[in-house]
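Coordinates as given in target_10.cif (mmCIF, C-alpha atoms):
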```
data_final
loop_
_atom_site.label_atom_id
_atom_site.label_comp_id
_atom_site.auth_asym_id
_atom_site.auth_seq_id
_atom_site.Cartn_x
_atom_site.Cartn_y
_atom_site.Cartn_z
CA MET W 1 0.00 0.00 0.00
CA THR W 2 1.44 3.37 -0.96
CA SER W 3 1.34 6.53 1.12
CA THR W 4 -1.20 8.03 -1.30
CA THR W 5 -3.81 5.49 -0.18
CA VAL W 6 -3.41 6.27 3.53
CA ASP W 7 -5.40 9.10 5.13
CA PHE W 8 -2.51 10.49 7.16
CA ALA W 9 -4.44 13.66 8.07
CA SER W 10 -7.16 11.67 9.85
CA ILE W 11 -4.57 9.44 11.49
CA LYS W 12 -2.66 12.43 12.84
CA GLN W 13 -5.84 14.01 14.17
CA ALA W 14 -6.59 10.81 16.08
CA GLN W 15 -3.01 10.73 17.34
CA ARG W 16 -3.23 14.34 18.49
CA THR W 17 -6.37 13.51 20.44
CA GLY W 18 -4.56 10.56 21.97
CA TRP W 19 -1.57 12.59 23.13
CA GLN W 20 -3.91 15.20 24.60
CA THR W 21 -5.68 12.51 26.62
CA GLY W 22 -4.40 11.57 30.04
CA ASP W 23 -1.25 13.43 31.07
CA TYR W 24 1.73 12.25 29.04
CA THR W 25 4.02 14.65 30.91
CA ARG W 26 3.82 12.32 33.93
CA VAL W 27 5.55 9.69 31.78
CA GLY W 28 7.68 12.07 29.73
CA HIS W 29 9.34 13.67 32.74
CA THR W 30 10.79 10.29 33.72
CA LEU W 31 12.59 10.09 30.33
CA GLN W 32 14.62 13.29 30.79
CA ILE W 33 17.89 11.39 31.03
CA MET W 34 17.44 10.17 27.43
CA ALA W 35 17.31 13.77 26.21
CA GLU W 36 20.35 14.76 28.27
CA LEU W 37 22.36 11.89 26.82
CA LEU W 38 21.21 12.69 23.27
CA VAL W 39 22.19 16.35 23.57
CA GLU W 40 25.61 15.33 24.84
CA SER W 41 26.10 12.78 22.06
CA ALA W 42 25.16 15.44 19.51
CA ASP W 43 27.83 17.71 21.07
CA VAL W 44 25.54 20.73 21.19
CA ARG W 45 27.31 24.09 21.27
CA ALA W 46 26.33 27.38 22.87
CA GLY W 47 24.63 29.62 20.32
CA GLN W 48 23.60 26.79 17.99
CA ARG W 49 20.08 26.81 16.56
CA VAL W 50 18.55 23.61 17.96
CA LEU W 51 15.16 22.09 17.17
CA ASP W 52 13.43 19.45 19.31
CA VAL W 53 10.94 17.69 17.00
CA ALA W 54 7.80 16.18 18.55
CA CYS W 55 9.14 17.68 21.74
CA GLY W 56 6.29 16.82 24.11
CA GLN W 57 6.97 18.78 27.28
CA GLY W 58 10.36 19.87 25.96
CA ASN W 59 12.92 17.46 27.39
CA ALA W 60 15.55 17.90 24.66
CA ALA W 61 14.76 21.56 24.00
CA ILE W 62 15.30 22.43 27.65
CA ALA W 63 18.45 20.29 27.80
CA ALA W 64 19.83 22.21 24.82
CA ALA W 65 18.83 25.58 26.27
CA LEU W 66 20.62 24.74 29.53
CA ARG W 67 23.74 24.49 27.37
CA PHE W 68 23.05 27.99 25.97
CA ALA W 69 21.77 26.86 22.60
CA GLU W 70 18.96 28.77 20.88
CA ALA W 71 16.33 26.11 21.44
CA THR W 72 12.96 25.55 19.76
CA GLY W 73 10.45 22.82 20.56
CA LEU W 74 7.83 21.67 18.04
CA ASP W 75 4.76 19.57 18.82
CA TYR W 76 1.10 19.36 17.82
CA ALA W 77 -0.27 18.74 21.34
CA ALA W 78 -1.08 22.13 22.84
CA ASN W 79 -1.28 20.80 26.39
CA LEU W 80 2.26 19.40 26.22
CA LEU W 81 3.63 22.63 24.78
CA GLU W 82 2.09 24.59 27.64
CA VAL W 83 3.82 22.34 30.17
CA GLY W 84 7.08 22.88 28.26
CA ARG W 85 6.69 26.64 28.51
CA ARG W 86 6.13 26.41 32.27
CA ARG W 87 9.13 24.11 32.69
CA ALA W 88 11.39 26.44 30.73
CA ALA W 89 10.22 29.35 32.87
CA VAL W 90 11.05 27.43 36.05
CA GLU W 91 14.46 26.47 34.66
CA GLN W 92 14.93 30.13 33.65
CA VAL W 93 15.97 29.29 30.09
CA PRO W 94 14.60 30.78 26.86
CA VAL W 95 12.89 28.14 24.71
CA THR W 96 10.50 28.87 21.85
CA PHE W 97 7.65 26.36 21.71
CA VAL W 98 5.80 26.08 18.40
CA ASP W 99 2.54 24.29 17.58
CA GLY W 100 3.31 22.29 14.46
CA ASP W 101 3.37 18.99 12.59
CA ALA W 102 6.59 16.99 12.31
CA GLU W 103 5.58 16.08 8.76
CA ASN W 104 5.06 19.71 7.71
CA MET W 105 7.22 21.93 9.89
CA PRO W 106 6.65 25.70 9.78
CA PHE W 107 10.31 26.58 9.29
CA PRO W 108 12.37 27.63 6.23
CA ASP W 109 14.92 25.26 4.74
CA GLY W 110 18.14 24.95 6.73
CA SER W 111 16.80 26.78 9.79
CA PHE W 112 18.66 24.71 12.39
CA ASP W 113 22.20 23.59 13.12
CA LEU W 114 20.93 20.57 15.05
CA SER W 115 17.59 18.77 14.87
CA LEU W 116 16.80 16.39 17.72
CA SER W 117 14.03 14.00 18.62
CA THR W 118 13.74 11.87 21.74
CA VAL W 119 11.18 9.10 21.15
CA GLY W 120 9.01 11.67 19.39
CA VAL W 121 9.30 11.86 15.60
CA MET W 122 9.17 8.06 15.48
CA PHE W 123 5.39 8.32 16.04
CA ALA W 124 4.76 10.39 12.91
CA PRO W 125 2.61 8.08 10.75
CA ASN W 126 4.29 9.00 7.45
CA HIS W 127 7.85 7.98 8.23
CA GLN W 128 9.31 9.18 4.94
CA GLN W 129 7.69 12.59 5.11
CA ALA W 130 8.92 13.09 8.68
CA ALA W 131 12.46 12.12 7.68
CA ASP W 132 12.33 14.44 4.68
CA GLU W 133 11.28 17.31 6.92
CA LEU W 134 14.09 16.60 9.38
CA VAL W 135 16.57 16.86 6.51
CA ARG W 136 14.94 19.95 5.05
CA VAL W 137 14.99 22.09 8.19
CA THR W 138 18.56 21.08 9.09
CA ALA W 139 21.35 23.14 7.51
CA VAL W 140 23.82 21.36 5.23
CA GLY W 141 26.65 20.31 7.53
CA GLY W 142 24.31 20.39 10.52
CA LYS W 143 23.38 17.37 12.62
CA ILE W 144 20.35 15.18 13.10
CA ALA W 145 20.23 13.21 16.36
CA LEU W 146 17.54 10.70 17.32
CA ALA W 147 16.70 8.41 20.22
CA CYS W 148 14.14 5.74 19.24
CA TRP W 149 12.86 2.60 20.95
CA THR W 150 13.93 -0.60 19.20
CA PRO W 151 11.41 -3.24 18.04
CA THR W 152 12.71 -5.87 20.47
CA SER W 153 12.82 -3.55 23.48
CA MET W 154 10.37 -3.59 26.36
CA VAL W 155 8.61 -0.59 24.82
CA GLY W 156 8.60 -2.22 21.40
CA GLN W 157 6.90 -5.22 22.97
CA MET W 158 4.44 -2.93 24.72
CA PHE W 159 3.55 -1.40 21.34
CA LYS W 160 2.85 -4.89 20.00
CA THR W 161 0.63 -5.63 22.98
CA VAL W 162 -1.32 -2.41 22.45
CA ALA W 163 -1.65 -3.23 18.73
CA LYS W 164 -3.42 -6.48 19.61
CA TRP W 165 -6.14 -4.45 21.30
CA ALA W 166 -6.12 -1.53 18.85
CA PRO W 167 -4.61 -2.51 15.49
CA PRO W 168 -2.88 0.40 13.74
CA PRO W 169 -4.43 1.84 10.57
CA SER W 170 -3.64 -0.14 7.44
CA GLY W 171 -0.50 1.09 5.71
CA VAL W 172 1.08 2.72 8.77
CA ARG W 173 4.42 1.21 9.66
CA PRO W 174 5.37 0.50 13.30
CA PRO W 175 7.05 3.41 15.13
CA ALA W 176 9.80 1.15 16.49
CA LEU W 177 11.22 0.67 12.98
CA TRP W 178 12.95 4.00 13.64
CA GLY W 179 15.01 2.08 16.17
CA THR W 180 16.77 0.09 13.42
CA GLN W 181 19.70 1.15 11.25
CA GLU W 182 18.11 -0.45 8.19
CA HIS W 183 15.01 1.72 8.43
CA LEU W 184 17.00 4.90 9.00
CA ASP W 185 19.13 4.10 5.96
CA GLU W 186 15.94 3.62 3.94
CA LEU W 187 14.45 6.90 5.13
CA PHE W 188 17.51 9.16 4.89
CA GLY W 189 19.62 7.49 2.23
CA GLU W 190 22.76 9.37 1.23
CA ARG W 191 21.45 12.67 2.54
CA VAL W 192 22.72 11.95 6.06
CA GLU W 193 26.08 10.48 7.07
CA TRP W 194 25.60 8.67 10.35
CA ILE W 195 28.61 9.27 12.57
CA GLY W 196 27.31 7.66 15.73
CA PHE W 197 25.22 4.57 16.43
CA ALA W 198 24.75 3.41 20.01
CA LYS W 199 22.40 0.96 21.67
CA ARG W 200 21.44 2.34 25.06
CA GLU W 201 19.05 1.28 27.79
CA TYR W 202 16.55 3.37 29.66
CA VAL W 203 15.52 1.68 32.91
CA PHE W 204 11.88 1.86 33.95
CA ARG W 205 11.64 1.98 37.74
CA TYR W 206 8.20 1.55 39.29
CA HIS W 207 6.75 0.12 42.49
CA SER W 208 5.74 -3.05 40.63
CA PRO W 209 4.78 -4.31 37.18
CA GLU W 210 1.16 -3.57 38.12
CA HIS W 211 2.12 0.01 39.04
CA PHE W 212 3.74 0.40 35.62
CA SER W 213 0.55 -0.83 33.97
CA GLU W 214 -1.59 1.52 36.05
CA TRP W 215 0.66 4.53 35.39
CA PHE W 216 0.61 4.05 31.63
CA ARG W 217 -3.13 3.42 31.54
CA GLU W 218 -3.76 6.61 33.50
CA PHE W 219 -1.23 8.97 31.94
CA TYR W 220 0.17 7.71 28.60
CA GLY W 221 -2.35 9.38 26.30
CA PRO W 222 -2.82 6.78 23.53
CA ILE W 223 -3.04 3.97 26.09
CA THR W 224 -5.33 6.05 28.31
CA ARG W 225 -7.62 6.62 25.35
CA LEU W 226 -7.66 2.92 24.44
CA ALA W 227 -8.32 1.87 28.04
CA GLY W 228 -11.34 4.17 28.12
CA THR W 229 -12.96 2.23 25.28
CA LEU W 230 -12.70 -1.23 26.89
CA SER W 231 -15.29 -3.15 28.85
CA GLU W 232 -14.51 -3.92 32.48
CA LYS W 233 -13.54 -7.48 31.58
CA ASP W 234 -11.33 -6.42 28.67
CA LEU W 235 -9.75 -3.66 30.74
CA ASP W 236 -8.73 -6.21 33.36
CA GLN W 237 -7.16 -8.36 30.65
CA PHE W 238 -5.43 -5.40 29.01
CA SER W 239 -4.09 -4.22 32.37
CA GLY W 240 -2.67 -7.66 32.97
CA ASP W 241 -1.12 -7.77 29.51
CA LEU W 242 0.77 -4.51 30.14
CA ALA W 243 1.94 -5.72 33.53
CA GLN W 244 3.13 -8.97 31.96
CA VAL W 245 5.30 -7.06 29.46
CA ALA W 246 6.95 -5.21 32.35
CA LEU W 247 7.32 -8.40 34.39
CA HIS W 248 9.00 -10.17 31.47
CA HIS W 249 11.73 -7.50 31.39
CA ASN W 250 12.06 -7.06 35.16
CA ARG W 251 15.57 -7.77 36.41
CA VAL W 252 14.86 -7.77 40.15
CA SER W 253 12.86 -10.09 42.38
CA ASP W 254 12.03 -7.85 45.34
CA GLY W 255 8.55 -6.97 44.08
CA THR W 256 9.54 -3.66 42.52
CA LEU W 257 10.10 -3.04 38.81
CA VAL W 258 13.56 -2.35 37.39
CA ALA W 259 13.15 -3.03 33.69
CA PRO W 260 15.67 -1.98 31.02
CA ALA W 261 14.31 -0.85 27.66
CA GLU W 262 16.67 -0.71 24.71
CA TYR W 263 16.72 2.25 22.36
CA LEU W 264 18.86 3.30 19.43
CA GLU W 265 20.69 6.62 19.66
CA VAL W 266 22.04 7.98 16.37
CA VAL W 267 23.84 11.14 15.31
CA GLY W 268 24.29 12.10 11.68
CA VAL W 269 25.51 14.99 9.54
CA ARG W 270 23.35 16.35 6.73
CA ARG W 271 25.26 16.01 3.48
CA SER W 272 22.83 17.55 1.01
#
```

Once more with this new file: its structure as structure tokens, please.
Amino acid sequence: MTSTTVDFASIKQAQRTGWQTGDYTRVGHTLQIMAELLVESADVRAGQRVLDVACGQGNAAIAAALRFAEATGLDYAANLLEVGRRRAAVEQVPVTFVDGDAENMPFPDGSFDLSLSTVGVMFAPNHQQAADELVRVTAVGGKIALACWTPTSMVGQMFKTVAKWAPPPSGVRPPALWGTQEHLDELFGERVEWIGFAKREYVFRYHSPEHFSEWFREFYGPITRLAGTLSEKDLDQFSGDLAQVALHHNRVSDGTLVAPAEYLEVVGVRRS
């Protein structure tokens, strides 16, 4: 199925509603370390023009601003942008937050020296269009740096579990493909020279696998929205399925959850 047969506009509207459901910031705040590591790997410099694509509540944008970069965050969820603005104010750093679509960014060509995304742009339904936009807004010689969950990670397995209850629209490829070198090569081709590939682990730490399941059902927008459509019986089963994913990856036996989730961190230079 080609992209021309997929109604990406309707899909994105549904996604936007999902991310505005619940309170994703309660999950996103816990992932701050991923943004800090990505900014360091990208070797951000003071004064650089830095864009955080699908920024959510601004983890990478704020990390860049704390290093005196000229930071901009882009997202299409107004509630997350508002939290980002409040966070930046508390941190006392200037960050510009823009309401916009990762597949059609409201910036001129070559606007940024560094374009980042921490488990954000990977959710754009039209992978190729999102990659093309990342290249377009990044200056020639500038960098693109991404952190994306891998298909075999705990989060990748959680996505598969969710897909059993809410199959993705036909023609939309899984987000976790962004966590593979093969897919990135397909999307970016010769336009980007990858200078850094690293497999990292983010460790989910919760009171228990059941607490993880509860937290994501309450706050992780797309999952919150799905949970709200289920019958009481199905919700119990779905809750157990999420807890089972966490339990499968748990590396401790004291009743708490300490579960590593693999992600791919890449840094590249835009060639053309």

In Å, with one decimal, what is the gap from atom CA of W:Met122 to atom CA of W:Asp109?
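The value is 21.1 Å.
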
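Atom CA of W:Asp75 to atom CA of W:Arg270 spans 22.4 Å [interatomic distance, one decimal].
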
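With distances restricted to only C-alpha atoms, W:Gly58 is the closest residue to W:Pro94 from W:Pro108, W:Gly58, W:Gly196, W:Pro169.
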
Against stretch 130-147 of chain W, which residues of stretch 27-55 of chain W fall within 9 Å? For each one I want the closest pair of atoms and the distance in Å (one decimal), counting all atoms listed in the file, rows by chain and increasing residue number, as a Markdown table.
```
| residue | atom | partner | partner_atom | distance |
| --- | --- | --- | --- | --- |
| W:Met34 | CA | W:Ala147 | CA | 7.5 |
| W:Ala35 | CA | W:Ala147 | CA | 8.1 |
| W:Leu38 | CA | W:Ala147 | CA | 6.9 |
| W:Val39 | CA | W:Ala145 | CA | 8.1 |
| W:Ser41 | CA | W:Ala145 | CA | 8.2 |
| W:Ala42 | CA | W:Ala145 | CA | 6.3 |
| W:Leu51 | CA | W:Thr138 | CA | 8.8 |
| W:Val53 | CA | W:Leu134 | CA | 8.3 |
```

Atom CA of W:Val50 and atom CA of W:Asp23 are how many Å apart?
25.8 Å

Written as an mmCIF file with C-alpha atoms, in the coordinates of the input, which residues does the PyMOL selection byres ((chain W and resi 63) around 10) give for the file shown?
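Output saved as out.cif:
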```cif
data_model
loop_
_atom_site.group_PDB
_atom_site.id
_atom_site.type_symbol
_atom_site.label_atom_id
_atom_site.label_comp_id
_atom_site.auth_asym_id
_atom_site.auth_seq_id
_atom_site.Cartn_x
_atom_site.Cartn_y
_atom_site.Cartn_z
ATOM 1 C CA GLN W 32 14.620 13.290 30.790
ATOM 2 C CA ILE W 33 17.890 11.390 31.030
ATOM 3 C CA ALA W 35 17.310 13.770 26.210
ATOM 4 C CA GLU W 36 20.350 14.760 28.270
ATOM 5 C CA LEU W 37 22.360 11.890 26.820
ATOM 6 C CA LEU W 38 21.210 12.690 23.270
ATOM 7 C CA VAL W 39 22.190 16.350 23.570
ATOM 8 C CA GLU W 40 25.610 15.330 24.840
ATOM 9 C CA VAL W 44 25.540 20.730 21.190
ATOM 10 C CA ASP W 52 13.430 19.450 19.310
ATOM 11 C CA GLY W 58 10.360 19.870 25.960
ATOM 12 C CA ASN W 59 12.920 17.460 27.390
ATOM 13 C CA ALA W 60 15.550 17.900 24.660
ATOM 14 C CA ALA W 61 14.760 21.560 24.000
ATOM 15 C CA ILE W 62 15.300 22.430 27.650
ATOM 16 C CA ALA W 64 19.830 22.210 24.820
ATOM 17 C CA ALA W 65 18.830 25.580 26.270
ATOM 18 C CA LEU W 66 20.620 24.740 29.530
ATOM 19 C CA ARG W 67 23.740 24.490 27.370
ATOM 20 C CA PHE W 68 23.050 27.990 25.970
ATOM 21 C CA ALA W 69 21.770 26.860 22.600
ATOM 22 C CA ALA W 71 16.330 26.110 21.440
ATOM 23 C CA ALA W 88 11.390 26.440 30.730
ATOM 24 C CA VAL W 93 15.970 29.290 30.090
#
```

Out of W:Met154, W:Val27, W:Leu184, W:Ala102, which residue has the shortest atom-to-atom distance to W:Tyr220 when counting only C-alpha atoms?
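For W:Tyr220, the nearest of the candidates is W:Val27.
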
Here's the selection I'm unsure about, the PyMOL selection byres ((chain W and resi 19) around 12); applied to the file above, which residues does it give, as a PyMOL selection string?
chain W and resi 12-18+20-25+27-28+54-57+75-81+120+123+219-226

Export of the given selection (C-alpha atoms) as a PDB file, in the coordinates of the input:
```
ATOM      1  CA  LYS W  12      -2.660  12.430  12.840  1.00  0.00           C
ATOM      2  CA  GLN W  13      -5.840  14.010  14.170  1.00  0.00           C
ATOM      3  CA  ALA W  14      -6.590  10.810  16.080  1.00  0.00           C
ATOM      4  CA  GLN W  15      -3.010  10.730  17.340  1.00  0.00           C
ATOM      5  CA  ARG W  16      -3.230  14.340  18.490  1.00  0.00           C
ATOM      6  CA  THR W  17      -6.370  13.510  20.440  1.00  0.00           C
ATOM      7  CA  GLY W  18      -4.560  10.560  21.970  1.00  0.00           C
ATOM      8  CA  GLN W  20      -3.910  15.200  24.600  1.00  0.00           C
ATOM      9  CA  THR W  21      -5.680  12.510  26.620  1.00  0.00           C
ATOM     10  CA  GLY W  22      -4.400  11.570  30.040  1.00  0.00           C
ATOM     11  CA  ASP W  23      -1.250  13.430  31.070  1.00  0.00           C
ATOM     12  CA  TYR W  24       1.730  12.250  29.040  1.00  0.00           C
ATOM     13  CA  THR W  25       4.020  14.650  30.910  1.00  0.00           C
ATOM     14  CA  VAL W  27       5.550   9.690  31.780  1.00  0.00           C
ATOM     15  CA  GLY W  28       7.680  12.070  29.730  1.00  0.00           C
ATOM     16  CA  ALA W  54       7.800  16.180  18.550  1.00  0.00           C
ATOM     17  CA  CYS W  55       9.140  17.680  21.740  1.00  0.00           C
ATOM     18  CA  GLY W  56       6.290  16.820  24.110  1.00  0.00           C
ATOM     19  CA  GLN W  57       6.970  18.780  27.280  1.00  0.00           C
ATOM     20  CA  ASP W  75       4.760  19.570  18.820  1.00  0.00           C
ATOM     21  CA  TYR W  76       1.100  19.360  17.820  1.00  0.00           C
ATOM     22  CA  ALA W  77      -0.270  18.740  21.340  1.00  0.00           C
ATOM     23  CA  ALA W  78      -1.080  22.130  22.840  1.00  0.00           C
ATOM     24  CA  ASN W  79      -1.280  20.800  26.390  1.00  0.00           C
ATOM     25  CA  LEU W  80       2.260  19.400  26.220  1.00  0.00           C
ATOM     26  CA  LEU W  81       3.630  22.630  24.780  1.00  0.00           C
ATOM     27  CA  GLY W 120       9.010  11.670  19.390  1.00  0.00           C
ATOM     28  CA  PHE W 123       5.390   8.320  16.040  1.00  0.00           C
ATOM     29  CA  PHE W 219      -1.230   8.970  31.940  1.00  0.00           C
ATOM     30  CA  TYR W 220       0.170   7.710  28.600  1.00  0.00           C
ATOM     31  CA  GLY W 221      -2.350   9.380  26.300  1.00  0.00           C
ATOM     32  CA  PRO W 222      -2.820   6.780  23.530  1.00  0.00           C
ATOM     33  CA  ILE W 223      -3.040   3.970  26.090  1.00  0.00           C
ATOM     34  CA  THR W 224      -5.330   6.050  28.310  1.00  0.00           C
ATOM     35  CA  ARG W 225      -7.620   6.620  25.350  1.00  0.00           C
ATOM     36  CA  LEU W 226      -7.660   2.920  24.440  1.00  0.00           C
TER      37      LEU W 226
END
```

Residue nearest W:Glu262 - candidates W:Ala163, W:Val6, W:Val203, W:Ile11, atoms counted: all atoms listed in the file:
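For W:Glu262, the nearest of the given residues is W:Val203.
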
Expanded to explicit residues, what is the PyMOL selection byres ((chain W and resi 245) around 12) for this file, as a ChimeraX atom specification?
/W:152-162,204,208-210,212-213,238-244,246-250,257,259-261

Under the rule that only C-alpha atoms are counted, which of W:Asp185, W:Glu70, W:Glu82, W:Glu201 is the nearest residue to W:Ser115?
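Among the listed residues, the smallest separation from W:Ser115 belongs to W:Glu70.
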
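Between W:Arg205 and the candidates W:Val252, W:Gly228, W:Arg191, W:Trp149, the tightest atom-to-atom separation, counting all atoms listed in the file, involves W:Val252.
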
May I ask which of the residues W:Phe188, W:Trp178, W:Trp215, W:Trp165 is the closest one to W:Asp234, counting only C-alpha atoms?
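Checking each candidate against W:Asp234, we get W:Trp165 as the closest.
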
Just give me the residues with any atom within 10 Å of (8.6, 32.1, 22.8), file coordinates, counting all atoms listed in the file, written as a ChimeraX atom specification.
/W:71-73,85,94-98
